[in-house]
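Undergrad: Pasting start_25.pdb below, which is PDB, C-alpha atoms and all ligand atoms.
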ATOM      1  CA  MET K   1     -19.354   8.075 -34.573
ATOM      2  CA  LYS K   2     -19.582   4.653 -32.949
ATOM      3  CA  TYR K   3     -19.651   4.332 -29.188
ATOM      4  CA  THR K   4     -19.030   1.468 -26.813
ATOM      5  CA  ILE K   5     -20.516   1.588 -23.372
ATOM      6  CA  ALA K   6     -20.089  -0.887 -20.539
ATOM      7  CA  LEU K   7     -22.719  -1.975 -18.054
ATOM      8  CA  ALA K   8     -20.995  -2.550 -14.718
ATOM      9  CA  GLY K   9     -22.375  -3.392 -11.307
ATOM     10  CA  ASN K  10     -22.658  -5.825  -8.430
ATOM     11  CA  PRO K  11     -24.134  -9.294  -8.947
ATOM     12  CA  ASN K  12     -27.935  -9.163  -8.560
ATOM     13  CA  SER K  13     -28.080  -5.401  -9.054
ATOM     14  CA  GLY K  14     -30.378  -6.016 -12.044
ATOM     15  CA  LYS K  15     -27.787  -5.917 -14.822
ATOM     16  CA  THR K  16     -29.363  -8.597 -16.980
ATOM     17  CA  THR K  17     -32.834  -7.119 -16.566
ATOM     18  CA  LEU K  18     -31.543  -3.661 -17.506
ATOM     19  CA  PHE K  19     -29.471  -5.006 -20.394
ATOM     20  CA  ASN K  20     -32.630  -6.550 -21.850
ATOM     21  CA  CYS K  21     -34.534  -3.254 -21.431
ATOM     22  CA  LEU K  22     -31.795  -1.302 -23.175
ATOM     23  CA  THR K  23     -31.014  -3.535 -26.123
ATOM     24  CA  GLY K  24     -33.035  -4.759 -29.037
ATOM     25  CA  SER K  25     -32.908  -8.095 -30.764
ATOM     26  CA  ASN K  26     -29.467  -7.840 -32.374
ATOM     27  CA  LEU K  27     -27.704  -9.564 -29.550
ATOM     28  CA  TYR K  28     -24.307 -11.208 -29.571
ATOM     29  CA  VAL K  29     -23.628 -13.816 -26.915
ATOM     30  CA  GLY K  30     -20.232 -15.487 -26.647
ATOM     31  CA  ASN K  31     -17.412 -15.960 -24.202
ATOM     32  CA  TRP K  32     -14.723 -13.543 -23.095
ATOM     33  CA  PRO K  33     -11.411 -14.514 -24.743
ATOM     34  CA  GLY K  34      -9.679 -17.368 -22.964
ATOM     35  CA  VAL K  35     -12.248 -17.844 -20.235
ATOM     36  CA  THR K  36     -15.692 -19.385 -19.916
ATOM     37  CA  VAL K  37     -17.304 -16.205 -18.658
ATOM     38  CA  GLU K  38     -20.283 -15.247 -20.812
ATOM     39  CA  LYS K  39     -19.983 -12.096 -22.906
ATOM     40  CA  LYS K  40     -23.112 -10.295 -24.044
ATOM     41  CA  GLU K  41     -23.280  -7.351 -26.412
ATOM     42  CA  GLY K  42     -26.205  -5.550 -27.994
ATOM     43  CA  SER K  43     -27.164  -2.286 -29.658
ATOM     44  CA  LEU K  44     -28.734   0.379 -27.512
ATOM     45  CA  LYS K  45     -32.315   0.945 -28.637
ATOM     46  CA  ASN K  46     -34.323   4.179 -28.865
ATOM     47  CA  THR K  47     -31.316   6.189 -29.962
ATOM     48  CA  THR K  48     -30.170   7.556 -33.294
ATOM     49  CA  LYS K  49     -26.550   6.960 -32.335
ATOM     50  CA  GLU K  50     -24.601   3.772 -32.948
ATOM     51  CA  ILE K  51     -24.022   2.551 -29.418
ATOM     52  CA  THR K  52     -22.885  -0.937 -28.438
ATOM     53  CA  LEU K  53     -23.683  -1.978 -24.897
ATOM     54  CA  VAL K  54     -21.405  -4.583 -23.302
ATOM     55  CA  ASP K  55     -22.645  -6.439 -20.244
ATOM     56  CA  LEU K  56     -19.743  -6.992 -17.849
ATOM     57  CA  PRO K  57     -19.735  -9.828 -15.302
ATOM     58  CA  GLY K  58     -21.227  -8.766 -11.956
ATOM     59  CA  ILE K  59     -18.512  -7.757  -9.471
ATOM     60  CA  TYR K  60     -18.138  -6.308  -5.975
ATOM     61  CA  SER K  61     -14.791  -4.634  -6.577
ATOM     62  CA  LEU K  62     -11.951  -4.281  -9.056
ATOM     63  CA  ALA K  63      -9.714  -6.541  -6.981
ATOM     64  CA  PRO K  64      -8.372  -9.451  -9.019
ATOM     65  CA  TYR K  65      -9.775 -12.266  -6.908
ATOM     66  CA  SER K  66     -12.209 -13.859  -9.327
ATOM     67  CA  MET K  67     -12.330 -14.450 -13.062
ATOM     68  CA  ASP K  68     -15.375 -12.136 -13.207
ATOM     69  CA  GLU K  69     -13.415  -9.332 -11.597
ATOM     70  CA  ILE K  70     -10.433  -9.839 -13.880
ATOM     71  CA  VAL K  71     -12.601  -9.927 -17.016
ATOM     72  CA  SER K  72     -14.531  -6.780 -16.049
ATOM     73  CA  ARG K  73     -11.466  -4.869 -15.027
ATOM     74  CA  ASN K  74      -9.403  -5.827 -18.086
ATOM     75  CA  PHE K  75     -12.215  -4.737 -20.350
ATOM     76  CA  LEU K  76     -12.477  -1.355 -18.623
ATOM     77  CA  LEU K  77      -8.700  -0.844 -18.646
ATOM     78  CA  GLU K  78      -7.872  -2.179 -22.080
ATOM     79  CA  GLU K  79     -10.920  -1.386 -24.199
ATOM     80  CA  ARG K  80     -11.540   1.978 -22.533
ATOM     81  CA  PRO K  81     -15.286   2.220 -23.201
ATOM     82  CA  ASP K  82     -16.664   5.677 -23.987
ATOM     83  CA  LEU K  83     -18.901   5.499 -20.946
ATOM     84  CA  ILE K  84     -19.783   3.250 -18.025
ATOM     85  CA  ILE K  85     -23.369   2.710 -16.950
ATOM     86  CA  ASN K  86     -22.870   1.964 -13.293
ATOM     87  CA  ILE K  87     -25.948   0.069 -12.123
ATOM     88  CA  ILE K  88     -26.555   0.342  -8.401
ATOM     89  CA  ASP K  89     -29.081  -1.598  -6.351
ATOM     90  CA  ALA K  90     -30.446   1.474  -4.590
ATOM     91  CA  SER K  91     -32.082  -0.658  -1.896
ATOM     92  CA  ASN K  92     -28.520  -1.588  -0.923
ATOM     93  CA  ILE K  93     -26.934   1.670  -1.888
ATOM     94  CA  GLU K  94     -23.926   1.903   0.451
ATOM     95  CA  ARG K  95     -22.635  -1.547  -0.347
ATOM     96  CA  ASN K  96     -23.160  -1.060  -4.080
ATOM     97  CA  LEU K  97     -21.321   2.259  -4.090
ATOM     98  CA  TYR K  98     -18.102   0.551  -2.973
ATOM     99  CA  LEU K  99     -17.501  -0.620  -6.532
ATOM    100  CA  SER K 100     -18.374   2.878  -7.747
ATOM    101  CA  THR K 101     -15.515   4.423  -5.783
ATOM    102  CA  GLN K 102     -13.150   2.154  -7.709
ATOM    103  CA  LEU K 103     -14.788   2.812 -11.059
ATOM    104  CA  MET K 104     -14.235   6.536 -10.390
ATOM    105  CA  GLU K 105     -10.482   5.879 -10.422
ATOM    106  CA  LEU K 106     -10.633   4.644 -14.012
ATOM    107  CA  ASP K 107     -11.240   8.188 -15.122
ATOM    108  CA  CYS K 108     -13.954   7.154 -17.557
ATOM    109  CA  PRO K 109     -17.220   9.083 -17.992
ATOM    110  CA  MET K 110     -19.964   7.410 -15.980
ATOM    111  CA  VAL K 111     -23.669   7.580 -15.296
ATOM    112  CA  GLY K 112     -25.222   5.993 -12.231
ATOM    113  CA  ALA K 113     -28.425   4.000 -12.737
ATOM    114  CA  LEU K 114     -30.105   3.737  -9.338
ATOM    115  CA  ASN K 115     -32.085   0.539  -9.807
ATOM    116  CA  MET K 116     -34.824  -1.104  -7.701
ATOM    117  CA  MET K 117     -36.399   2.283  -7.036
ATOM    118  CA  ASP K 118     -39.795   0.530  -6.824
ATOM    119  CA  VAL K 119     -38.470  -1.239  -3.729
ATOM    120  CA  VAL K 120     -36.754   1.850  -2.315
ATOM    121  CA  LYS K 121     -39.889   4.009  -2.603
ATOM    122  CA  LYS K 122     -41.845   1.528  -0.479
ATOM    123  CA  THR K 123     -39.328   1.861   2.337
ATOM    124  CA  GLY K 124     -39.835   5.632   2.555
ATOM    125  CA  VAL K 125     -36.295   6.489   1.539
ATOM    126  CA  GLU K 126     -35.825   9.419  -0.812
ATOM    127  CA  ILE K 127     -32.703   9.940  -2.849
ATOM    128  CA  ASP K 128     -31.728  13.414  -4.016
ATOM    129  CA  ILE K 129     -30.052  12.689  -7.343
ATOM    130  CA  HIS K 130     -28.741  16.230  -7.760
ATOM    131  CA  GLN K 131     -27.018  15.969  -4.414
ATOM    132  CA  MET K 132     -25.702  12.545  -5.456
ATOM    133  CA  GLU K 133     -24.139  14.130  -8.542
ATOM    134  CA  LYS K 134     -22.604  16.895  -6.440
ATOM    135  CA  VAL K 135     -21.103  14.476  -3.979
ATOM    136  CA  PHE K 136     -19.955  11.682  -6.285
ATOM    137  CA  GLY K 137     -19.148  13.707  -9.384
ATOM    138  CA  TYR K 138     -21.286  11.978 -12.036
ATOM    139  CA  PRO K 139     -25.011  12.125 -12.873
ATOM    140  CA  PHE K 140     -27.609   9.651 -11.635
ATOM    141  CA  VAL K 141     -31.038   8.565 -12.752
ATOM    142  CA  GLU K 142     -33.618   6.559 -10.813
ATOM    143  CA  ILE K 143     -34.900   3.456 -12.569
ATOM    144  CA  SER K 144     -36.678   0.191 -12.081
ATOM    145  CA  ALA K 145     -35.394  -2.286 -14.635
ATOM    146  CA  GLN K 146     -38.119  -4.722 -13.675
ATOM    147  CA  LYS K 147     -40.988  -2.216 -13.958
ATOM    148  CA  GLU K 148     -39.230  -0.547 -16.907
ATOM    149  CA  THR K 149     -39.400   2.935 -15.420
ATOM    150  CA  GLY K 150     -36.754   5.594 -15.969
ATOM    151  CA  ILE K 151     -35.318   3.770 -18.981
ATOM    152  CA  ASP K 152     -35.943   6.610 -21.473
ATOM    153  CA  GLU K 153     -34.393   9.071 -19.020
ATOM    154  CA  LEU K 154     -31.373   6.803 -18.679
ATOM    155  CA  ILE K 155     -30.910   6.609 -22.468
ATOM    156  CA  GLU K 156     -31.227  10.403 -22.714
ATOM    157  CA  LEU K 157     -28.632  10.885 -20.015
ATOM    158  CA  VAL K 158     -26.279   8.410 -21.706
ATOM    159  CA  GLU K 159     -26.586  10.295 -25.013
ATOM    160  CA  LYS K 160     -25.972  13.610 -23.288
ATOM    161  CA  VAL K 161     -22.852  12.462 -21.441
ATOM    162  CA  LEU K 162     -21.463  10.696 -24.534
ATOM    163  CA  VAL K 163     -21.372  13.867 -26.609
ATOM    164  CA  ASP K 164     -20.157  16.034 -23.733
ATOM    165  CA  GLU K 165     -16.502  16.930 -24.363
ATOM    166  CA  HIS K 166     -15.766  18.078 -20.847
ATOM    167  CA  HIS K 167     -15.924  15.568 -18.066
ATOM    168  CA  PRO K 168     -15.384  17.132 -14.681
ATOM    169  CA  ALA K 169     -12.756  15.396 -12.552
ATOM    170  CA  TYR K 170     -14.077  12.984  -9.954
ATOM    171  CA  PRO K 171     -13.985  14.224  -6.364
ATOM    172  CA  GLN K 172     -11.248  13.113  -3.963
ATOM    173  CA  ILE K 173     -12.267   9.997  -2.081
ATOM    174  CA  PHE K 174      -9.310  10.051   0.291
ATOM    175  CA  PRO K 175      -8.245  12.702   2.789
ATOM    176  CA  LYS K 176      -5.675  15.207   1.643
ATOM    177  CA  GLU K 177      -2.620  13.510   3.183
ATOM    178  CA  MET K 178      -3.490  10.202   1.512
ATOM    179  CA  THR K 179      -4.181  11.846  -1.830
ATOM    180  CA  THR K 180      -0.800  13.557  -1.594
ATOM    181  CA  LEU K 181       0.914  10.222  -0.926
ATOM    182  CA  PHE K 182      -0.807   8.718  -3.976
ATOM    183  CA  THR K 183       0.054  11.695  -6.190
ATOM    184  CA  ASP K 184       3.691  11.832  -5.071
ATOM    185  CA  PHE K 185       4.001   8.106  -5.642
ATOM    186  CA  ASP K 186       2.484   8.464  -9.097
ATOM    187  CA  HIS K 187       5.046  11.150  -9.969
ATOM    188  CA  LEU K 188       7.819   8.895  -8.758
ATOM    189  CA  VAL K 189       6.529   6.030 -10.903
ATOM    190  CA  GLN K 190       6.311   8.244 -13.980
ATOM    191  CA  GLU K 191       9.819   9.546 -13.428
ATOM    192  CA  ARG K 192      11.676   6.392 -12.422
ATOM    193  CA  TYR K 193       9.600   3.687 -14.090
ATOM    194  CA  PRO K 194       8.017   5.223 -17.200
ATOM    195  CA  GLN K 195       7.691   1.756 -18.721
ATOM    196  CA  VAL K 196       5.383   0.558 -15.925
ATOM    197  CA  LEU K 197       1.755   0.424 -17.126
ATOM    198  CA  PRO K 198       1.892   3.821 -18.873
ATOM    199  CA  GLU K 199      -1.578   3.299 -20.347
ATOM    200  CA  TYR K 200      -3.278   2.840 -16.956
ATOM    201  CA  PRO K 201      -5.281   5.657 -15.355
ATOM    202  CA  LYS K 202      -2.855   7.324 -12.926
ATOM    203  CA  LEU K 203      -4.736   7.078  -9.654
ATOM    204  CA  PHE K 204      -5.776   3.506 -10.371
ATOM    205  CA  ARG K 205      -2.171   2.557 -11.179
ATOM    206  CA  ALA K 206      -0.800   4.222  -8.049
ATOM    207  CA  ILE K 207      -3.332   2.584  -5.744
ATOM    208  CA  LYS K 208      -3.022  -0.868  -7.321
ATOM    209  CA  LEU K 209       0.780  -0.751  -7.072
ATOM    210  CA  ILE K 210       0.563   0.354  -3.453
ATOM    211  CA  GLU K 211      -1.962  -2.406  -2.717
ATOM    212  CA  LYS K 212       0.447  -4.902  -4.326
ATOM    213  CA  ASP K 213      -2.391  -6.030  -6.536
ATOM    214  CA  ASP K 214      -1.634  -9.528  -7.889
ATOM    215  CA  GLU K 215      -2.436  -8.752 -11.530
ATOM    216  CA  VAL K 216      -0.323  -5.613 -11.481
ATOM    217  CA  LEU K 217       2.588  -7.351  -9.749
ATOM    218  CA  LEU K 218       2.572  -9.953 -12.530
ATOM    219  CA  LYS K 219       3.059  -7.137 -15.009
ATOM    220  CA  ILE K 220       5.977  -5.426 -13.281
ATOM    221  CA  HIS K 221       7.884  -8.717 -12.915
ATOM    222  CA  ASP K 222      10.684  -8.519 -10.401
ATOM    223  CA  ASN K 223      11.349  -4.816 -10.398
ATOM    224  CA  VAL K 224      13.254  -4.723  -7.087
ATOM    225  CA  ASP K 225      13.647  -0.944  -7.014
ATOM    226  CA  LEU K 226       9.969  -0.380  -7.593
ATOM    227  CA  MET K 227       9.085  -2.950  -4.919
ATOM    228  CA  ASN K 228      11.303  -1.012  -2.494
ATOM    229  CA  ASP K 229       9.603   2.256  -3.370
ATOM    230  CA  ILE K 230       6.247   0.563  -2.817
ATOM    231  CA  SER K 231       7.362  -0.587   0.643
ATOM    232  CA  VAL K 232       8.339   2.970   1.540
ATOM    233  CA  VAL K 233       4.942   4.420   0.661
ATOM    234  CA  ARG K 234       3.149   1.524   2.393
ATOM    235  CA  LYS K 235       5.061   2.330   5.595
ATOM    236  CA  LYS K 236       4.022   5.958   5.304
ATOM    237  CA  ILE K 237       0.356   4.984   4.972
ATOM    238  CA  GLU K 238       0.612   2.668   7.978
ATOM    239  CA  THR K 239       2.200   5.412  10.051
ATOM    240  CA  LEU K 240      -0.362   7.981   8.924
ATOM    241  CA  THR K 241      -3.433   5.811   9.537
ATOM    242  CA  ASN K 242      -2.344   3.288  12.189
ATOM    243  CA  HIS K 243      -3.880   0.635   9.967
ATOM    244  CA  ASP K 244      -2.604  -1.830   7.436
ATOM    245  CA  VAL K 245      -2.721  -0.486   3.896
ATOM    246  CA  ASP K 246      -5.681  -2.514   2.645
ATOM    247  CA  SER K 247      -7.989  -1.680   5.545
ATOM    248  CA  ALA K 248      -6.938   1.971   5.525
ATOM    249  CA  ILE K 249      -7.876   2.299   1.858
ATOM    250  CA  ALA K 250     -11.143   0.356   2.270
ATOM    251  CA  ASP K 251     -12.071   2.410   5.373
ATOM    252  CA  TYR K 252     -11.659   5.685   3.538
ATOM    253  CA  ARG K 253     -13.786   4.424   0.667
ATOM    254  CA  TYR K 254     -16.606   3.536   3.088
ATOM    255  CA  ARG K 255     -16.319   6.838   4.927
ATOM    256  CA  PHE K 256     -16.596   8.743   1.669
ATOM    257  CA  ILE K 257     -19.721   6.735   0.770
ATOM    258  CA  THR K 258     -21.382   7.042   4.191
ATOM    259  CA  ASP K 259     -20.741  10.753   4.252
ATOM    260  CA  GLY K 260     -22.097  11.234   0.719
ATOM    261  CA  ILE K 261     -25.169   9.096   1.335
ATOM    262  CA  SER K 262     -26.058  10.972   4.514
ATOM    263  CA  LYS K 263     -26.130  14.166   2.453
ATOM    264  CA  ALA K 264     -28.138  12.747  -0.440
ATOM    265  CA  THR K 265     -30.809  10.560   1.166
ATOM    266  CA  LYS K 266     -33.559  11.067   3.681
ATOM    267  CA  LYS K 267     -36.107   8.808   5.267
ATOM    268  CA  THR K 268     -39.672   9.625   6.206
ATOM    269  CA  ASN K 269     -41.070   8.749   9.589
ATOM    270  CA  ASP K 270     -44.191   9.713  11.515
ATOM    271  CA  HIS K 271     -42.715  13.084  12.403
ATOM    272  CA  GLY K 272     -41.924  14.128   8.857
ATOM    273  CA  TRP K 273     -38.639  14.284   7.027
ATOM    274  CA  GLN K 274     -35.510  13.320   8.786
ATOM    275  CA  PHE K 275     -31.994  12.910   7.587
ATOM    276  CA  GLN K 276     -30.713   9.366   7.840
TER     277      GLN K 276
HETATM  278  P1  LIG B 301     -27.899  -9.362 -12.294
HETATM  279  O1  LIG B 301     -27.350 -10.473 -11.455
HETATM  280  O2  LIG B 301     -27.257  -8.071 -11.956
HETATM  281  O3  LIG B 301     -27.864  -9.655 -13.749
HETATM  282  O4  LIG B 301     -29.425  -9.151 -11.844
HETATM  283  P2  LIG B 301     -30.775  -9.655 -12.535
HETATM  284  O5  LIG B 301     -31.129  -8.790 -13.692
HETATM  285  O6  LIG B 301     -30.702 -11.109 -12.779
HETATM  286  O7  LIG B 301     -31.782  -9.290 -11.368
HETATM  287  C1  LIG B 301     -31.693  -9.904 -10.101
HETATM  288  C2  LIG B 301     -33.095 -10.003  -9.510
HETATM  289  O8  LIG B 301     -33.598  -8.719  -9.240
HETATM  290  C3  LIG B 301     -34.092 -10.638 -10.471
HETATM  291  O9  LIG B 301     -34.990 -11.417  -9.710
HETATM  292  C4  LIG B 301     -34.794  -9.450 -11.088
HETATM  293  O10 LIG B 301     -36.097  -9.742 -11.511
HETATM  294  C5  LIG B 301     -34.826  -8.487  -9.933
HETATM  295  N1  LIG B 301     -34.838  -7.073 -10.363
HETATM  296  C6  LIG B 301     -34.078  -6.481 -11.301
HETATM  297  N2  LIG B 301     -34.391  -5.183 -11.408
HETATM  298  C7  LIG B 301     -35.363  -4.930 -10.499
HETATM  299  C8  LIG B 301     -36.107  -3.754 -10.118
HETATM  300  O11 LIG B 301     -35.923  -2.653 -10.626
HETATM  301  N3  LIG B 301     -37.022  -3.918  -9.123
HETATM  302  C9  LIG B 301     -37.249  -5.114  -8.531
HETATM  303  N4  LIG B 301     -38.177  -5.165  -7.582
HETATM  304  N5  LIG B 301     -36.572  -6.224  -8.856
HETATM  305  C10 LIG B 301     -35.652  -6.149  -9.832
HETATM  306  K     K B 302     -28.407 -13.041 -10.957
HETATM  307 MG    MG B 303     -26.942 -11.159 -14.800
END
Would it be possible to restate this file's structure as structure tokens?

TA:
Amino acid sequence: MKYTIALAGNPNSGKTTLFNCLTGSNLYVGNWPGVTVEKKEGSLKNTTKEITLVDLPGIYSLAPYSMDEIVSRNFLLEERPDLIINIIDASNIERNLYLSTQLMELDCPMVGALNMMDVVKKTGVEIDIHQMEKVFGYPFVEISAQKETGIDELIELVEKVLVDEHHPAYPQIFPKEMTTLFTDFDHLVQERYPQVLPEYPKLFRAIKLIEKDDEVLLKIHDNVDLMNDISVVRKKIETLTNHDVDSAIADYRYRFITDGISKATKKTNDHGWQFQ
């Protein structure tokens, strides 16, 4: 059994440093097809399995605003890796988890590598990784790519998740009414427009259509009926939230993160433990 896993994360989260820790000498460096974005691949070391690790360009979101974002997102959607290593700069955890909420919508098994833990520990912040798993729905491991700590644990976790047949569903990021709007819209798309991006993960497809994502719009051409149906659901979201669609969706993502982080981290002070 051969596996492909993708390393995804924000710029400067330590992706290159971690990639070098995880791979041996048999490295392939080239360009992504059609673009001058560097593509790096290598074999995962310290494992008996045949695992190729692909380093994706650093990105802040899966919006299609930069070539890096388009390359990363197309790889995740089209190549469907067996697993994503989601590297998170834990000293900047809330901001880094924004991308994670979007990766969750791809419905791909994931492990979270909380990097820069050497920095985090000095600030007195403690992260409860079991609580993180409960809240975000995938397992985490604390690492320092620079100090090379936690790397064996990360490889072990990757191996474990790869062979696991049952991946629990990711938790709902959005409140119930929003989730219902997304689900109803997805059903409508499947029923009326079965030819529209059938291979895309459902929640991702629904949200990207509703957001009128540029890359997705290019693919549905001038489907007037679908555009009308999109307008209807956008109106509903605006009425429900009193916000425009993009800020409503972004707000809910941040609320989900803030809420989760407050449950899973604590900070020491002179008086002992205190929740952040
Ligand atoms: P990339 O942009 O995601 O590829 O990030 P890099 O691997 O280039 O790392 C960005 C910076 O963070 C570099 O200066 C690294 O040396 C540093 N760095 C990476 N991992 C760690 C870590 O675990 N701890 C600390 N203190 N610095 C790190
Ligand atoms: K960098
Ligand atoms: Mg890099």

Undergrad: Please tabulate, as JSON lines, the residues of chain K that come within 8 Å of ligand K 302 (chain B), each with its closest pair of atoms and the distance in Å to one decimal, counting only C-alpha atoms and all ligand atoms and ordering rows by chain, then residue number upward.

TA:
{"residue": "K:Pro11", "atom": "CA", "partner": "B:K302", "partner_atom": "K", "distance": 6.0}
{"residue": "K:Asn12", "atom": "CA", "partner": "B:K302", "partner_atom": "K", "distance": 4.6}
{"residue": "K:Ser13", "atom": "CA", "partner": "B:K302", "partner_atom": "K", "distance": 7.9}
{"residue": "K:Gly14", "atom": "CA", "partner": "B:K302", "partner_atom": "K", "distance": 7.4}
{"residue": "K:Thr16", "atom": "CA", "partner": "B:K302", "partner_atom": "K", "distance": 7.5}

Undergrad: Select the residues contacting ligand LIG 301 (chain B) at a distance of at most 8 Å, based on all atoms listed in the file, then format the selection as a ChimeraX atom specification.

TA: /K:9-19,58,115-119,143-148

Undergrad: Go through the shown structure with the PyMOL selection byres (((chain K and resi 2) around 6) and not hetatm) and write out the matching residues as a ChimeraX atom specification.

TA: /K:1,3,50

Undergrad: Those same residues - C-alpha atoms - I'd like them written as a PDB file, keeping the file's coordinate frame.

TA:
ATOM      1  CA  MET K   1     -19.354   8.075 -34.573  1.00  0.00           C
ATOM      2  CA  TYR K   3     -19.651   4.332 -29.188  1.00  0.00           C
ATOM      3  CA  GLU K  50     -24.601   3.772 -32.948  1.00  0.00           C
TER       4      GLU K  50
END

Undergrad: What separation in Å, quoted to one decimal, exists between atom CA of Leu97 of chain K and atom CA of Ile257 of chain K?

TA: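 So the answer is 6.8 Å.
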
Undergrad: Just give me the gap between atom CA of Tyr60 of chain K and atom CA of Glu94 of chain K in Å, one decimal is fine.

TA: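 It comes out at 11.9 Å.
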
Undergrad: Written as a PyMOL selection string, which residues does the PyMOL selection byres (((chain K and resi 98) around 10) and not hetatm) give for the file shown?

TA: chain K and resi 10+60-62+93-97+99-103+250+253-254+256-257

Undergrad: Please produce a file of the residues just selected, as a JSON list (two decimals), in the frame of the given file, where the atoms kept are C-alpha atoms.

TA:
[["chain", "number", "residue", "atom", "x", "y", "z"],
["K", 10, "ASN", "CA", -22.66, -5.82, -8.43],
["K", 60, "TYR", "CA", -18.14, -6.31, -5.98],
["K", 61, "SER", "CA", -14.79, -4.63, -6.58],
["K", 62, "LEU", "CA", -11.95, -4.28, -9.06],
["K", 93, "ILE", "CA", -26.93, 1.67, -1.89],
["K", 94, "GLU", "CA", -23.93, 1.90, 0.45],
["K", 95, "ARG", "CA", -22.64, -1.55, -0.35],
["K", 96, "ASN", "CA", -23.16, -1.06, -4.08],
["K", 97, "LEU", "CA", -21.32, 2.26, -4.09],
["K", 99, "LEU", "CA", -17.50, -0.62, -6.53],
["K", 100, "SER", "CA", -18.37, 2.88, -7.75],
["K", 101, "THR", "CA", -15.52, 4.42, -5.78],
["K", 102, "GLN", "CA", -13.15, 2.15, -7.71],
["K", 103, "LEU", "CA", -14.79, 2.81, -11.06],
["K", 250, "ALA", "CA", -11.14, 0.36, 2.27],
["K", 253, "ARG", "CA", -13.79, 4.42, 0.67],
["K", 254, "TYR", "CA", -16.61, 3.54, 3.09],
["K", 256, "PHE", "CA", -16.60, 8.74, 1.67],
["K", 257, "ILE", "CA", -19.72, 6.74, 0.77]]

Undergrad: So the first atom is atom CA of Glu191 of chain K and the second is atom CA of Thr179 of chain K; what is the distance between them in Å, to one decimal place?

TA: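 Atom-to-atom, atom CA of Glu191 of chain K to atom CA of Thr179 of chain K, that is 18.3 Å.
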
Undergrad: Quick check on the file I pasted: which residues fall under the PyMOL selection byres (((chain K and resi 39) around 6) and not hetatm)? Write them as a PyMOL selection string.

TA: chain K and resi 29-32+38+40

Undergrad: Nearest to Phe174 of chain K: which of K:Cys21, K:Ala206, K:Leu226, K:Ile249 is it, counting all atoms listed in the file?

TA: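 Between K:Cys21, K:Ala206, K:Leu226, K:Ile249, the residue approaching Phe174 of chain K most closely is K:Ile249.
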
Undergrad: Please write as number ranges by chain the list of polymer residues whose atoms come within 12 Å of (-32.0, 15.6, -4.2), counting only C-alpha atoms and keeping to the coordinates of the file.

TA: K: 125-135, 139-142, 260-266

Undergrad: Have a look at K:Gln172, K:Asn20, K:Gln195, K:Asn242 and name the one nearest to ligand MG 303 (chain B); count all atoms listed in the file.

TA: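 With all atoms listed in the file as the atom set, the closest residue is K:Asn20.
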
Undergrad: Write out as a count of residues only the residues lying within 9 Å of Leu162 of chain K, counting only C-alpha atoms and excluding same-chain residues fewer than 5 positions away.

TA: 5
